[in-house]
$ cat target.cif   # mmCIF, C-alpha atoms
data_start
loop_
_atom_site.label_atom_id
_atom_site.label_comp_id
_atom_site.auth_asym_id
_atom_site.auth_seq_id
_atom_site.Cartn_x
_atom_site.Cartn_y
_atom_site.Cartn_z
CA MET Z 262 0.00 0.00 0.00
CA LYS Z 263 1.46 3.32 -1.05
CA LEU Z 264 1.43 6.06 1.60
CA ILE Z 265 1.07 9.81 0.92
CA ASN Z 266 4.04 11.71 2.28
CA THR Z 267 4.73 15.07 0.67
CA THR Z 268 6.31 18.22 2.06
CA ASN Z 269 3.57 20.35 0.53
CA MET Z 270 0.82 18.42 2.29
CA ALA Z 271 2.55 18.56 5.65
CA THR Z 272 3.06 22.30 5.33
CA VAL Z 273 -0.58 22.93 4.44
CA LEU Z 274 -1.82 20.78 7.32
CA VAL Z 275 0.42 22.59 9.82
CA LEU Z 276 -0.69 26.01 8.58
CA ALA Z 277 -4.34 24.99 8.65
CA MET Z 278 -4.20 23.64 12.20
CA THR Z 279 -2.20 26.66 13.39
CA SER Z 280 -4.81 29.00 11.96
CA ILE Z 281 -7.56 27.04 13.72
CA VAL Z 282 -5.85 27.14 17.11
CA TYR Z 283 -4.94 30.83 16.99
CA GLY Z 284 -8.01 31.95 15.06
CA GLN Z 285 -10.52 31.51 17.91
CA GLU Z 286 -12.17 34.64 19.27
CA LYS Z 287 -10.77 35.88 22.60
CA PRO Z 288 -12.71 38.25 24.85
CA ALA Z 289 -11.42 41.79 24.69
CA VAL Z 290 -11.29 44.13 27.70
CA SER Z 291 -12.13 47.73 26.88
CA ALA Z 292 -13.54 50.77 28.59
CA ALA Z 293 -17.21 51.62 28.07
CA PRO Z 294 -17.67 54.17 25.28
CA VAL Z 295 -18.47 57.72 26.29
CA ALA Z 296 -21.63 59.06 24.69
CA ALA Z 297 -21.27 62.26 22.69
CA SER Z 298 -23.12 65.28 24.01
CA PRO Z 299 -26.03 66.27 21.75
CA ALA Z 300 -25.04 69.91 22.22
CA THR Z 301 -21.50 69.38 20.90
CA GLU Z 302 -22.10 66.56 18.33
CA PRO Z 303 -21.33 67.86 14.83
CA ALA Z 304 -24.10 67.93 12.28
CA LYS Z 305 -24.05 64.98 9.85
CA SER Z 306 -24.50 65.27 6.10
CA GLU Z 307 -25.12 62.17 3.99
CA SER Z 308 -23.12 61.86 0.79
CA PHE Z 309 -24.78 60.86 -2.47
CA LEU Z 310 -22.61 57.72 -2.65
CA ARG Z 311 -21.75 55.83 0.56
CA PHE Z 312 -21.11 52.31 1.91
CA GLU Z 313 -22.73 51.03 5.10
CA GLY Z 314 -21.40 47.55 5.85
CA THR Z 315 -21.90 45.68 2.59
CA ASP Z 316 -24.66 48.03 1.38
CA LEU Z 317 -23.91 50.69 -1.22
CA HIS Z 318 -26.30 53.64 -1.08
CA ILE Z 319 -26.71 55.79 -4.20
CA GLY Z 320 -28.83 58.80 -3.43
CA ASN Z 321 -32.38 57.78 -2.56
CA PHE Z 322 -32.31 54.57 -4.58
CA PRO Z 323 -32.68 51.19 -2.80
CA PRO Z 324 -29.30 49.99 -1.49
CA LEU Z 325 -27.12 47.56 -3.42
CA THR Z 326 -26.05 44.70 -1.13
CA PHE Z 327 -22.68 43.09 -1.88
CA HIS Z 328 -21.46 39.70 -0.71
CA GLY Z 329 -18.76 37.33 -1.87
CA PHE Z 330 -16.29 34.62 -1.02
CA GLY Z 331 -12.90 33.25 -1.93
CA SER Z 332 -11.79 29.62 -1.54
CA GLN Z 333 -8.41 27.97 -1.95
CA GLY Z 334 -7.92 24.24 -1.79
CA PHE Z 335 -5.08 21.73 -1.99
CA LEU Z 336 -5.48 18.13 -3.22
CA VAL Z 337 -2.93 15.32 -3.09
CA SER Z 338 -3.39 11.68 -4.10
CA ASP Z 339 -1.13 8.63 -4.12
CA THR Z 340 -1.93 6.90 -7.43
CA TYR Z 341 -3.85 9.00 -9.97
CA ASP Z 342 -4.12 12.60 -11.08
CA TYR Z 343 -7.70 13.53 -10.13
CA LEU Z 344 -9.22 17.01 -10.32
CA GLY Z 345 -5.80 18.33 -11.31
CA GLN Z 346 -2.19 17.15 -11.01
CA SER Z 347 -2.88 15.75 -7.57
CA LYS Z 348 -0.14 13.10 -7.52
CA SER Z 349 2.39 15.86 -6.98
CA GLY Z 350 -0.01 17.98 -4.92
CA SER Z 351 -2.23 20.54 -6.62
CA PHE Z 352 -3.28 24.04 -5.59
CA GLU Z 353 -5.40 24.28 -8.77
CA PHE Z 354 -8.61 24.24 -6.75
CA THR Z 355 -9.85 27.83 -6.43
CA GLU Z 356 -13.21 29.64 -6.35
CA VAL Z 357 -13.90 33.38 -6.15
CA ALA Z 358 -17.27 35.12 -6.41
CA VAL Z 359 -18.83 38.53 -5.84
CA ASN Z 360 -22.59 39.00 -5.90
CA VAL Z 361 -24.86 42.02 -5.69
CA SER Z 362 -28.60 42.32 -5.08
CA MET Z 363 -31.26 44.97 -4.65
CA SER Z 364 -35.02 45.15 -4.08
CA PRO Z 365 -36.31 48.08 -6.17
CA PHE Z 366 -40.00 47.24 -5.64
CA ALA Z 367 -42.14 45.24 -3.24
CA ARG Z 368 -41.75 41.47 -3.67
CA THR Z 369 -39.05 42.04 -6.32
CA ARG Z 370 -35.37 41.21 -6.10
CA ILE Z 371 -32.63 41.66 -8.71
CA SER Z 372 -29.38 39.76 -8.17
CA ALA Z 373 -26.23 38.79 -10.06
CA GLN Z 374 -22.97 36.98 -9.35
CA GLY Z 375 -19.63 37.03 -11.08
CA PHE Z 376 -17.66 33.83 -10.60
CA LEU Z 377 -14.30 32.37 -11.53
CA PHE Z 378 -12.85 29.00 -10.69
CA GLY Z 379 -10.12 26.56 -11.53
CA VAL Z 380 -10.17 22.79 -10.94
CA GLY Z 381 -7.15 21.30 -12.63
CA ASN Z 382 -7.36 22.17 -16.33
CA VAL Z 383 -11.06 23.13 -16.07
CA GLY Z 384 -12.32 26.68 -15.60
CA GLY Z 385 -9.09 28.49 -16.39
CA TYR Z 386 -9.82 31.19 -13.78
CA SER Z 387 -11.81 33.04 -16.46
CA PRO Z 388 -14.39 35.46 -14.98
CA GLY Z 389 -17.95 34.62 -15.96
CA LEU Z 390 -21.54 35.45 -15.11
CA ASP Z 391 -22.80 32.76 -12.73
CA TYR Z 392 -26.34 34.15 -12.56
CA ALA Z 393 -28.20 37.41 -13.23
CA GLN Z 394 -31.90 37.24 -12.49
CA ILE Z 395 -35.06 39.15 -11.68
CA ASP Z 396 -37.20 37.47 -9.01
CA TYR Z 397 -40.82 38.47 -8.43
CA SER Z 398 -42.89 36.74 -5.72
CA LEU Z 399 -46.58 37.36 -6.33
CA ARG Z 400 -47.45 35.45 -3.16
CA SER Z 401 -46.06 32.43 -1.33
CA GLU Z 402 -47.74 30.00 -3.75
CA ILE Z 403 -46.33 31.50 -6.94
CA GLY Z 404 -43.30 33.50 -8.05
CA PHE Z 405 -41.27 34.05 -11.20
CA ARG Z 406 -37.56 34.20 -12.06
CA ALA Z 407 -36.05 35.26 -15.37
CA GLY Z 408 -32.54 35.77 -16.75
CA ARG Z 409 -29.57 33.53 -16.07
CA ILE Z 410 -31.05 31.52 -13.22
CA ARG Z 411 -29.67 28.84 -10.96
CA ARG Z 412 -30.93 25.39 -11.88
CA PRO Z 413 -32.50 23.47 -8.99
CA GLU Z 414 -31.69 19.77 -8.75
CA GLY Z 415 -31.23 17.78 -5.59
CA ILE Z 416 -29.93 19.14 -2.30
CA TYR Z 417 -26.84 20.96 -3.55
CA ASN Z 418 -26.95 21.77 -7.27
CA SER Z 419 -28.12 25.39 -6.89
CA ILE Z 420 -25.80 26.04 -3.92
CA GLN Z 421 -22.76 23.91 -4.76
CA ASP Z 422 -20.53 27.01 -4.89
CA ILE Z 423 -21.44 28.01 -1.30
CA ASP Z 424 -18.85 26.22 0.81
CA LEU Z 425 -20.48 27.30 4.09
CA THR Z 426 -23.57 25.15 3.42
CA ARG Z 427 -21.83 21.79 3.84
CA THR Z 428 -19.28 19.88 5.88
CA SER Z 429 -17.32 18.32 3.03
CA ILE Z 430 -14.74 19.79 0.67
CA LEU Z 431 -15.90 17.64 -2.25
CA LEU Z 432 -19.53 16.72 -2.70
CA PRO Z 433 -20.12 13.19 -4.09
CA GLN Z 434 -18.51 13.79 -7.47
CA GLY Z 435 -20.62 11.41 -9.50
CA MET Z 436 -23.61 13.61 -8.64
CA TYR Z 437 -22.09 17.10 -8.17
CA ASP Z 438 -18.88 17.08 -10.20
CA ALA Z 439 -16.83 20.23 -9.51
CA ARG Z 440 -15.67 20.34 -13.15
CA TYR Z 441 -19.13 20.65 -14.75
CA ARG Z 442 -20.44 23.95 -13.36
CA ASP Z 443 -21.10 25.43 -16.82
CA PHE Z 444 -23.27 22.39 -17.58
CA SER Z 445 -25.13 21.98 -14.31
CA ALA Z 446 -25.29 25.25 -12.38
CA SER Z 447 -27.43 27.66 -14.44
CA ILE Z 448 -29.54 28.18 -17.55
CA ASP Z 449 -30.58 31.23 -19.57
CA GLY Z 450 -34.35 31.25 -19.27
CA GLY Z 451 -36.93 31.38 -16.52
CA SER Z 452 -38.81 29.49 -13.84
CA ILE Z 453 -42.07 29.44 -11.87
CA TYR Z 454 -41.85 28.51 -8.20
CA GLY Z 455 -43.83 28.53 -4.97
CA ASP Z 456 -44.80 26.87 -1.69
CA ILE Z 457 -48.14 25.16 -1.15
CA GLY Z 458 -49.43 24.32 2.33
CA LEU Z 459 -50.78 20.80 2.79
CA GLY Z 460 -52.24 21.21 6.27
CA LYS Z 461 -51.32 18.34 8.54
CA ALA Z 462 -49.44 16.68 5.66
CA GLY Z 463 -46.75 19.39 5.71
CA SER Z 464 -46.00 21.55 2.66
CA LEU Z 465 -44.87 21.23 -0.94
CA SER Z 466 -42.43 23.53 -2.73
CA TYR Z 467 -41.95 23.43 -6.48
CA GLU Z 468 -39.91 25.02 -9.26
CA VAL Z 469 -40.46 24.45 -12.98
CA TYR Z 470 -37.80 25.85 -15.32
CA GLY Z 471 -36.61 25.95 -18.91
CA GLY Z 472 -33.99 27.68 -21.01
CA MET Z 473 -30.71 27.38 -22.89
CA VAL Z 474 -27.38 26.04 -21.67
CA ASN Z 475 -24.24 27.51 -23.22
CA LEU Z 476 -21.02 25.63 -22.51
CA SER Z 477 -17.60 27.27 -22.25
CA ALA Z 478 -14.59 26.17 -24.29
CA ASP Z 479 -12.58 25.51 -21.10
CA GLY Z 480 -15.43 23.91 -19.13
CA GLY Z 481 -15.57 20.36 -17.85
CA VAL Z 482 -17.70 18.95 -20.69
CA ALA Z 483 -15.42 20.43 -23.38
CA ARG Z 484 -12.32 19.09 -21.56
CA LEU Z 485 -13.90 15.63 -21.30
CA LEU Z 486 -14.65 15.55 -25.02
CA GLN Z 487 -11.19 16.85 -25.90
CA ASP Z 488 -9.66 14.01 -23.89
CA SER Z 489 -11.93 11.32 -25.40
CA LEU Z 490 -11.36 12.57 -28.98
CA ARG Z 491 -7.67 13.43 -28.73
CA ASN Z 492 -6.28 10.49 -30.70
CA PRO Z 493 -5.59 10.93 -34.45
CA PRO Z 494 -7.34 10.90 -36.85
CA THR Z 495 -10.16 12.28 -34.66
CA GLN Z 496 -10.08 16.04 -33.98
CA PHE Z 497 -12.46 17.72 -31.52
CA VAL Z 498 -14.04 20.94 -32.88
CA GLY Z 499 -16.44 22.29 -30.22
CA VAL Z 500 -19.66 22.02 -28.22
CA ASN Z 501 -22.98 23.70 -29.00
CA GLY Z 502 -25.71 25.29 -26.88
CA PHE Z 503 -28.89 23.33 -26.16
CA PRO Z 504 -32.26 23.67 -24.39
CA GLN Z 505 -33.01 22.09 -21.03
CA PHE Z 506 -36.26 21.78 -19.09
CA GLY Z 507 -37.04 20.40 -15.68
CA CYS Z 508 -38.72 20.64 -12.30
CA GLN Z 509 -37.80 20.18 -8.65
CA LEU Z 510 -40.29 19.21 -5.94
CA TRP Z 511 -39.66 19.21 -2.18
CA TRP Z 512 -42.10 17.76 0.33
CA SER Z 513 -41.56 19.00 3.89
CA THR Z 514 -43.14 16.16 5.84
CA PRO Z 515 -45.11 16.47 9.10
CA LEU Z 516 -42.02 15.14 10.90
CA SER Z 517 -39.97 18.23 11.74
CA GLY Z 518 -36.65 18.31 9.87
CA LEU Z 519 -37.54 15.58 7.35
CA ARG Z 520 -37.97 16.45 3.67
CA ALA Z 521 -38.04 14.44 0.46
CA GLY Z 522 -37.29 15.70 -3.03
CA ALA Z 523 -37.75 14.59 -6.62
CA ALA Z 524 -36.30 16.28 -9.71
CA LEU Z 525 -36.84 15.55 -13.40
CA SER Z 526 -34.97 17.20 -16.26
CA ASP Z 527 -34.38 16.69 -19.96
CA VAL Z 528 -31.42 17.82 -22.06
CA ILE Z 529 -32.63 18.16 -25.65
CA GLY Z 530 -30.20 18.10 -28.54
CA PHE Z 531 -26.87 18.52 -26.77
CA SER Z 532 -24.28 18.21 -29.54
CA TYR Z 533 -20.57 18.44 -30.28
CA ASP Z 534 -18.64 18.53 -33.55
CA TYR Z 535 -15.48 16.69 -34.55
CA ASN Z 536 -13.48 15.95 -37.68
CA LEU Z 537 -12.50 12.48 -38.83
CA ASN Z 538 -9.30 13.27 -40.73
CA ILE Z 539 -9.27 10.45 -43.27
CA PRO Z 540 -10.13 10.50 -47.00
CA PRO Z 541 -13.84 11.20 -47.66
CA GLY Z 542 -14.15 7.95 -49.57
CA PHE Z 543 -13.42 6.09 -46.35
CA GLY Z 544 -15.91 8.08 -44.28
CA GLY Z 545 -13.86 11.12 -43.38
CA GLY Z 546 -15.20 14.61 -42.84
CA ARG Z 547 -17.11 16.66 -40.23
CA TYR Z 548 -19.40 14.82 -37.83
CA ARG Z 549 -21.84 15.93 -35.16
CA ASN Z 550 -22.86 13.74 -32.24
CA GLN Z 551 -26.17 14.72 -30.68
CA LEU Z 552 -27.87 13.32 -27.61
CA ASP Z 553 -30.98 13.71 -25.52
CA SER Z 554 -30.64 12.97 -21.82
CA PRO Z 555 -33.60 12.57 -19.45
CA VAL Z 556 -32.54 12.59 -15.78
CA ALA Z 557 -34.34 11.55 -12.56
CA HIS Z 558 -32.95 12.65 -9.17
CA LEU Z 559 -34.33 11.59 -5.76
CA SER Z 560 -33.30 13.16 -2.43
CA LEU Z 561 -33.93 12.61 1.27
CA GLU Z 562 -32.70 14.81 4.12
CA TYR Z 563 -33.33 14.68 7.87
CA GLN Z 564 -32.07 17.30 10.33
CA TRP Z 565 -32.37 16.25 13.95
CA LYS Z 566 -30.76 18.23 16.77
CA ALA Z 567 -27.04 18.51 15.84
CA TRP Z 568 -27.29 15.77 13.19
CA THR Z 569 -27.88 15.96 9.44
CA PHE Z 570 -28.59 12.78 7.45
CA GLN Z 571 -28.76 12.72 3.64
CA ALA Z 572 -29.29 10.22 0.83
CA GLU Z 573 -29.62 10.82 -2.93
CA TYR Z 574 -29.92 8.81 -6.14
CA LYS Z 575 -29.62 9.99 -9.76
CA TYR Z 576 -30.29 8.13 -13.00
CA ALA Z 577 -29.41 9.57 -16.43
CA ALA Z 578 -30.14 8.05 -19.85
CA TYR Z 579 -28.27 9.02 -23.05
CA LEU Z 580 -29.91 8.67 -26.47
CA ASN Z 581 -27.32 9.30 -29.20
CA THR Z 582 -27.47 10.22 -32.87
CA GLN Z 583 -24.45 10.67 -35.16
CA ALA Z 584 -24.85 12.97 -38.17
CA HIS Z 585 -22.44 13.45 -41.12
CA HIS Z 586 -21.98 16.77 -42.93
CA ASN Z 587 -23.51 15.17 -46.04
CA GLY Z 588 -26.87 14.90 -44.25
CA SER Z 589 -26.85 11.22 -43.29
CA ALA Z 590 -27.65 10.28 -39.68
CA THR Z 591 -27.22 7.12 -37.64
CA ASP Z 592 -28.81 6.19 -34.32
CA MET Z 593 -26.06 5.12 -31.93
CA PRO Z 594 -26.44 2.64 -29.04
CA GLY Z 595 -27.97 4.28 -25.97
CA SER Z 596 -26.61 4.05 -22.46
CA ALA Z 597 -27.45 5.00 -18.89
CA THR Z 598 -25.52 5.91 -15.74
CA ASP Z 599 -26.50 6.12 -12.10
CA VAL Z 600 -25.01 7.31 -8.81
CA TRP Z 601 -26.06 7.26 -5.15
CA TYR Z 602 -24.71 8.27 -1.77
CA VAL Z 603 -25.57 8.26 1.91
CA GLY Z 604 -24.03 10.71 4.35
CA ALA Z 605 -24.19 12.12 7.86
CA ALA Z 606 -22.76 15.14 9.67
CA TYR Z 607 -22.63 16.11 13.34
CA ARG Z 608 -22.14 19.64 14.67
CA VAL Z 609 -20.04 19.17 17.83
CA ASN Z 610 -20.05 22.84 18.85
CA ASN Z 611 -20.15 26.26 17.19
CA TRP Z 612 -16.68 25.88 15.66
CA PHE Z 613 -16.30 22.16 14.88
CA GLU Z 614 -18.24 19.71 12.71
CA VAL Z 615 -17.50 16.20 11.47
CA GLY Z 616 -19.11 14.44 8.50
CA THR Z 617 -18.84 11.38 6.30
CA TYR Z 618 -20.39 9.90 3.17
CA TYR Z 619 -20.16 6.83 0.97
CA THR Z 620 -20.97 7.01 -2.74
CA GLU Z 621 -20.98 4.70 -5.76
CA ASP Z 622 -21.01 5.90 -9.38
CA TYR Z 623 -21.50 3.62 -12.41
CA ALA Z 624 -20.66 4.61 -15.99
CA ASP Z 625 -23.05 2.00 -17.45
CA VAL Z 626 -25.89 0.45 -15.47
CA THR Z 627 -25.75 -2.66 -17.68
CA ASP Z 628 -22.05 -3.29 -16.96
CA ARG Z 629 -21.36 -2.38 -13.33
CA SER Z 630 -18.31 -4.67 -13.06
CA GLY Z 631 -16.62 -3.45 -16.26
CA LYS Z 632 -16.47 -6.84 -17.95
CA ASP Z 633 -17.03 -5.23 -21.38
CA LYS Z 634 -14.53 -2.40 -20.86
CA ALA Z 635 -10.87 -2.37 -21.83
CA VAL Z 636 -10.10 -1.31 -18.25
CA SER Z 637 -12.66 -2.79 -15.86
CA SER Z 638 -12.11 -0.12 -13.18
CA ASP Z 639 -13.41 2.56 -15.60
CA ALA Z 640 -16.91 1.17 -15.05
CA PHE Z 641 -17.27 2.46 -11.48
CA GLN Z 642 -15.93 4.72 -8.77
CA LYS Z 643 -16.65 4.12 -5.07
CA ASP Z 644 -15.63 6.71 -2.50
CA PHE Z 645 -15.64 6.76 1.29
CA ALA Z 646 -14.97 10.27 2.62
CA LEU Z 647 -14.33 11.66 6.11
CA SER Z 648 -14.49 15.44 6.62
CA LEU Z 649 -13.53 17.79 9.46
CA ARG Z 650 -14.83 21.35 9.39
CA PHE Z 651 -13.55 24.17 11.60
CA ASP Z 652 -15.16 27.62 11.88
CA PRO Z 653 -12.53 29.87 13.53
CA LYS Z 654 -14.68 32.92 12.70
CA PRO Z 655 -18.22 33.34 11.37
CA TRP Z 656 -16.67 34.45 8.05
CA TRP Z 657 -13.86 31.88 7.89
CA VAL Z 658 -13.99 28.10 7.39
CA VAL Z 659 -11.14 25.55 7.26
CA LYS Z 660 -11.73 21.95 6.16
CA LEU Z 661 -9.65 18.75 6.16
CA GLU Z 662 -10.81 15.68 4.25
CA GLY Z 663 -9.69 12.15 3.41
CA HIS Z 664 -10.95 9.81 0.66
CA VAL Z 665 -10.54 6.07 0.14
CA ILE Z 666 -11.50 5.41 -3.49
CA THR Z 667 -11.91 2.27 -5.59
CA GLY Z 668 -12.38 2.53 -9.35
CA THR Z 669 -11.48 5.13 -11.97
CA ALA Z 670 -14.76 6.01 -13.75
CA LEU Z 671 -14.49 9.74 -12.98
CA LEU Z 672 -10.81 10.34 -13.70
CA ASN Z 673 -11.50 11.53 -17.30
CA ASP Z 674 -7.85 12.52 -17.90
CA THR Z 675 -6.80 9.18 -19.35
CA LYS Z 676 -3.63 10.66 -20.88
CA ASP Z 677 -2.43 11.52 -17.35
CA ASN Z 678 -3.57 8.14 -15.97
CA PRO Z 679 -2.64 5.59 -18.65
CA LYS Z 680 -2.41 2.68 -16.20
CA ARG Z 681 -5.55 2.05 -14.13
CA ASN Z 682 -6.79 -0.85 -12.02
CA GLU Z 683 -9.24 -1.75 -9.27
CA ASP Z 684 -6.85 -1.26 -6.34
CA PRO Z 685 -7.97 1.25 -3.68
CA TRP Z 686 -6.32 4.66 -3.84
CA PHE Z 687 -6.25 7.63 -1.53
CA MET Z 688 -6.69 11.38 -1.66
CA LEU Z 689 -6.40 14.14 0.95
CA GLY Z 690 -7.76 17.66 0.70
CA VAL Z 691 -7.45 20.95 2.57
CA LYS Z 692 -9.61 23.97 1.85
CA THR Z 693 -10.16 27.38 3.39
CA THR Z 694 -12.95 29.83 2.55
CA PHE Z 695 -13.37 33.50 3.44
CA SER Z 696 -16.71 35.21 2.94
CA PHE Z 697 -18.22 38.64 3.48
#

$ encode --input "target.cif" --output "C-alpha cells"
Amino acid sequence: MKLINTTNMATVLVLAMTSIVYGQEKPAVSAAPVAASPATEPAKSESFLRFEGTDLHIGNFPPLTFHGFGSQGFLVSDTYDYLGQSKSGSFEFTEVAVNVSMSPFARTRISAQGFLFGVGNVGGYSPGLDYAQIDYSLRSEIGFRAGRIRRPEGIYNSIQDIDLTRTSILLPQGMYDARYRDFSASIDGGSIYGDIGLGKAGSLSYEVYGGMVNLSADGGVARLLQDSLRNPPTQFVGVNGFPQFGCQLWWSTPLSGLRAGAALSDVIGFSYDYNLNIPPGFGGGRYRNQLDSPVAHLSLEYQWKAWTFQAEYKYAAYLNTQAHHNGSATDMPGSATDVWYVGAAYRVNNWFEVGTYYTEDYADVTDRSGKDKAVSSDAFQKDFALSLRFDPKPWWVVKLEGHVITGTALLNDTKDNPKRNEDPWFMLGVKTTFSF
C-alpha cells in the first residue's frame, strides 16, 4: 500500500491547524464608550454615494447589497491525477465570487454573481456570469424568475458554490462534479416557483424551469470531449448550446426536519462537432454527435438536533445520434448511468463539525463490473470520505478531508492516468474559505 508523504501536504496541514488554534475569538477588555453630548455633536451630512457595511447607497435609490467569497484548496493523491495534477499535490482548486442584489419594488429582487474558478485544467480562472436574475414573488404560492437563473436539482446543485452550506470539501462527485459547473449550475431562461401548504401533511415547494445552456470552451464537458477525442485521426471541434427543461419538488413532511425531493430534467439536442481526418471515400469529414438525456434525481434529508442525514440517487439516460456533414444520420447505441450516496454530519459545537459519506457511481448500469470495458475499473468509482470542518470565525472556514476510493470512472484525464486498475487509492484535501 502506497502512503502519501509530501512536504507540501505537511506544510498545508500545519498552517491549517495553526490558523484554527490561533483563530478563535478571545474576549477583549475595553472601557465603556463615552456618549457624545447632543449639544456638541457635529451635524451629519449624507453623501450621495456611501457604503454602510456591505450596502452601497446611491442617493435615494434602494441599497445595493454586496457579498462574496474566496476559496483555496489543496489536493494530493497517491496513485492517480484527479481534479488536477494531484499526484504531486495541486493548488489548482480555487473559487472566487462577488454578488450584488437589490429590491427596487415590493416582492421584487434583482441579483447577479460574477464567478471564476479553476479545478485542474477546467475553468481556467476566467471570470464569468454565474447568474443574473429578476425574481418576483406574487405570493407564497407563486413566483417568477427570469434571466440567467440557478438550476435546482437535488440538495446541492443550486448552492454547490457556497462552501459554508456543507461539511465536506468535495460533494459526491458522480452527482455534483466540480468540473461541470457550466453544464449543471445555471440556464438562460426562466422558472415558476412557490410553496403550497398541505395542512397536517406538511408543505410542498416546487420550481419548474426551462432555457438554454451555453457551454464554455474551457469547461468540464469540453475538456472531457477533448480528452476522449484526442487520438488521431479524430479532432475535436467544439460544443454547442442546447435547451433544457425540468422541475424540482420538495415535500416538507409532518415530521420536523424531514424532507423528500424529486427532480426531473431533460437535455434536448446537446451536440458536439469533430473531424475524422481520413479520406472522404473512407468516411472522413465533419461529424456531429447529438444526444438527448432525461434525468431523474431523488433526495432525502433529515435534520435532527445537531445531526444531518442525507441520501440521494440519480439516473441519467443518453440517447445518441451521429450525423455526417452530407446529411446522413445514424442512431447510436444508448446508455445509462447512475449514482447514489448516503451521508451524515454532526455539529459538535459552534466551531467544529464532522461528516462522512459513501458514494458509488457507475458509468453503465448494464455493466457495473466493467467486464465489457478495456479497463474494468473505468466502469465504477466508489468513494468513502471523512471530513472535518472548523469555523474559527463566522466568516472563515477551514476543512480537512480524506478519501478512500476504488475505481477510476471519474478520472476523465486518461492521458495523465494511462495505467488504471481496481486497487484502492487515496486522496487528501485541505480547503479554506473566506466570505463577506

$ closest_residue --input "target.cif" --among "Z:Arg549, Z:His664, Z:Arg440, Z:Lys566" --to "Thr620 in chain Z" --atoms "all atoms listed in the file"
Z:His664

$ closest_residue --input "target.cif" --among "Z:Asn550, Z:Ser429, Z:Ser532, Z:Thr514" --to "Asn475 in chain Z" --atoms "all atoms listed in the file"
Z:Ser532

$ resolve_selection --input "target.cif" --expression "the PyMOL selection byres ((chain Z and resi 603) around 10)" --output "PDB file with C-alpha atoms, keeping the file's coordinate frame"
ATOM      1  CA  PRO Z 433     -20.120  13.190  -4.090  1.00  0.00           C
ATOM      2  CA  LEU Z 561     -33.930  12.610   1.270  1.00  0.00           C
ATOM      3  CA  GLU Z 562     -32.700  14.810   4.120  1.00  0.00           C
ATOM      4  CA  PHE Z 570     -28.590  12.780   7.450  1.00  0.00           C
ATOM      5  CA  GLN Z 571     -28.760  12.720   3.640  1.00  0.00           C
ATOM      6  CA  ALA Z 572     -29.290  10.220   0.830  1.00  0.00           C
ATOM      7  CA  GLU Z 573     -29.620  10.820  -2.930  1.00  0.00           C
ATOM      8  CA  TYR Z 574     -29.920   8.810  -6.140  1.00  0.00           C
ATOM      9  CA  TRP Z 601     -26.060   7.260  -5.150  1.00  0.00           C
ATOM     10  CA  TYR Z 602     -24.710   8.270  -1.770  1.00  0.00           C
ATOM     11  CA  GLY Z 604     -24.030  10.710   4.350  1.00  0.00           C
ATOM     12  CA  ALA Z 605     -24.190  12.120   7.860  1.00  0.00           C
ATOM     13  CA  THR Z 617     -18.840  11.380   6.300  1.00  0.00           C
ATOM     14  CA  TYR Z 618     -20.390   9.900   3.170  1.00  0.00           C
ATOM     15  CA  TYR Z 619     -20.160   6.830   0.970  1.00  0.00           C
ATOM     16  CA  THR Z 620     -20.970   7.010  -2.740  1.00  0.00           C
ATOM     17  CA  GLU Z 621     -20.980   4.700  -5.760  1.00  0.00           C
TER      18      GLU Z 621
END

$ resolve_selection --input "target.cif" --expression "the PyMOL selection byres ((chain Z and resi 541-545) around 10)" --output "list in words"
Pro494, Thr495, Asn536, Leu537, Asn538, Ile539, Pro540, Gly546, Arg547, Tyr548, His585 and His586 of chain Z

$ write_last_selection --input "target.cif" --atoms "C-alpha atoms" --output "mmCIF file, in the coordinates of the input"
data_model
loop_
_atom_site.group_PDB
_atom_site.id
_atom_site.type_symbol
_atom_site.label_atom_id
_atom_site.label_comp_id
_atom_site.auth_asym_id
_atom_site.auth_seq_id
_atom_site.Cartn_x
_atom_site.Cartn_y
_atom_site.Cartn_z
ATOM 1 C CA PRO Z 494 -7.340 10.900 -36.850
ATOM 2 C CA THR Z 495 -10.160 12.280 -34.660
ATOM 3 C CA ASN Z 536 -13.480 15.950 -37.680
ATOM 4 C CA LEU Z 537 -12.500 12.480 -38.830
ATOM 5 C CA ASN Z 538 -9.300 13.270 -40.730
ATOM 6 C CA ILE Z 539 -9.270 10.450 -43.270
ATOM 7 C CA PRO Z 540 -10.130 10.500 -47.000
ATOM 8 C CA GLY Z 546 -15.200 14.610 -42.840
ATOM 9 C CA ARG Z 547 -17.110 16.660 -40.230
ATOM 10 C CA TYR Z 548 -19.400 14.820 -37.830
ATOM 11 C CA HIS Z 585 -22.440 13.450 -41.120
ATOM 12 C CA HIS Z 586 -21.980 16.770 -42.930
#

$ residues_around --input "target.cif" --residues "Leu580 in chain Z" --least-positions-apart "2" --cutoff "6 Å" --atoms "all atoms listed in the file" --output "PyMOL selection string"
chain Z and resi 552-553+595
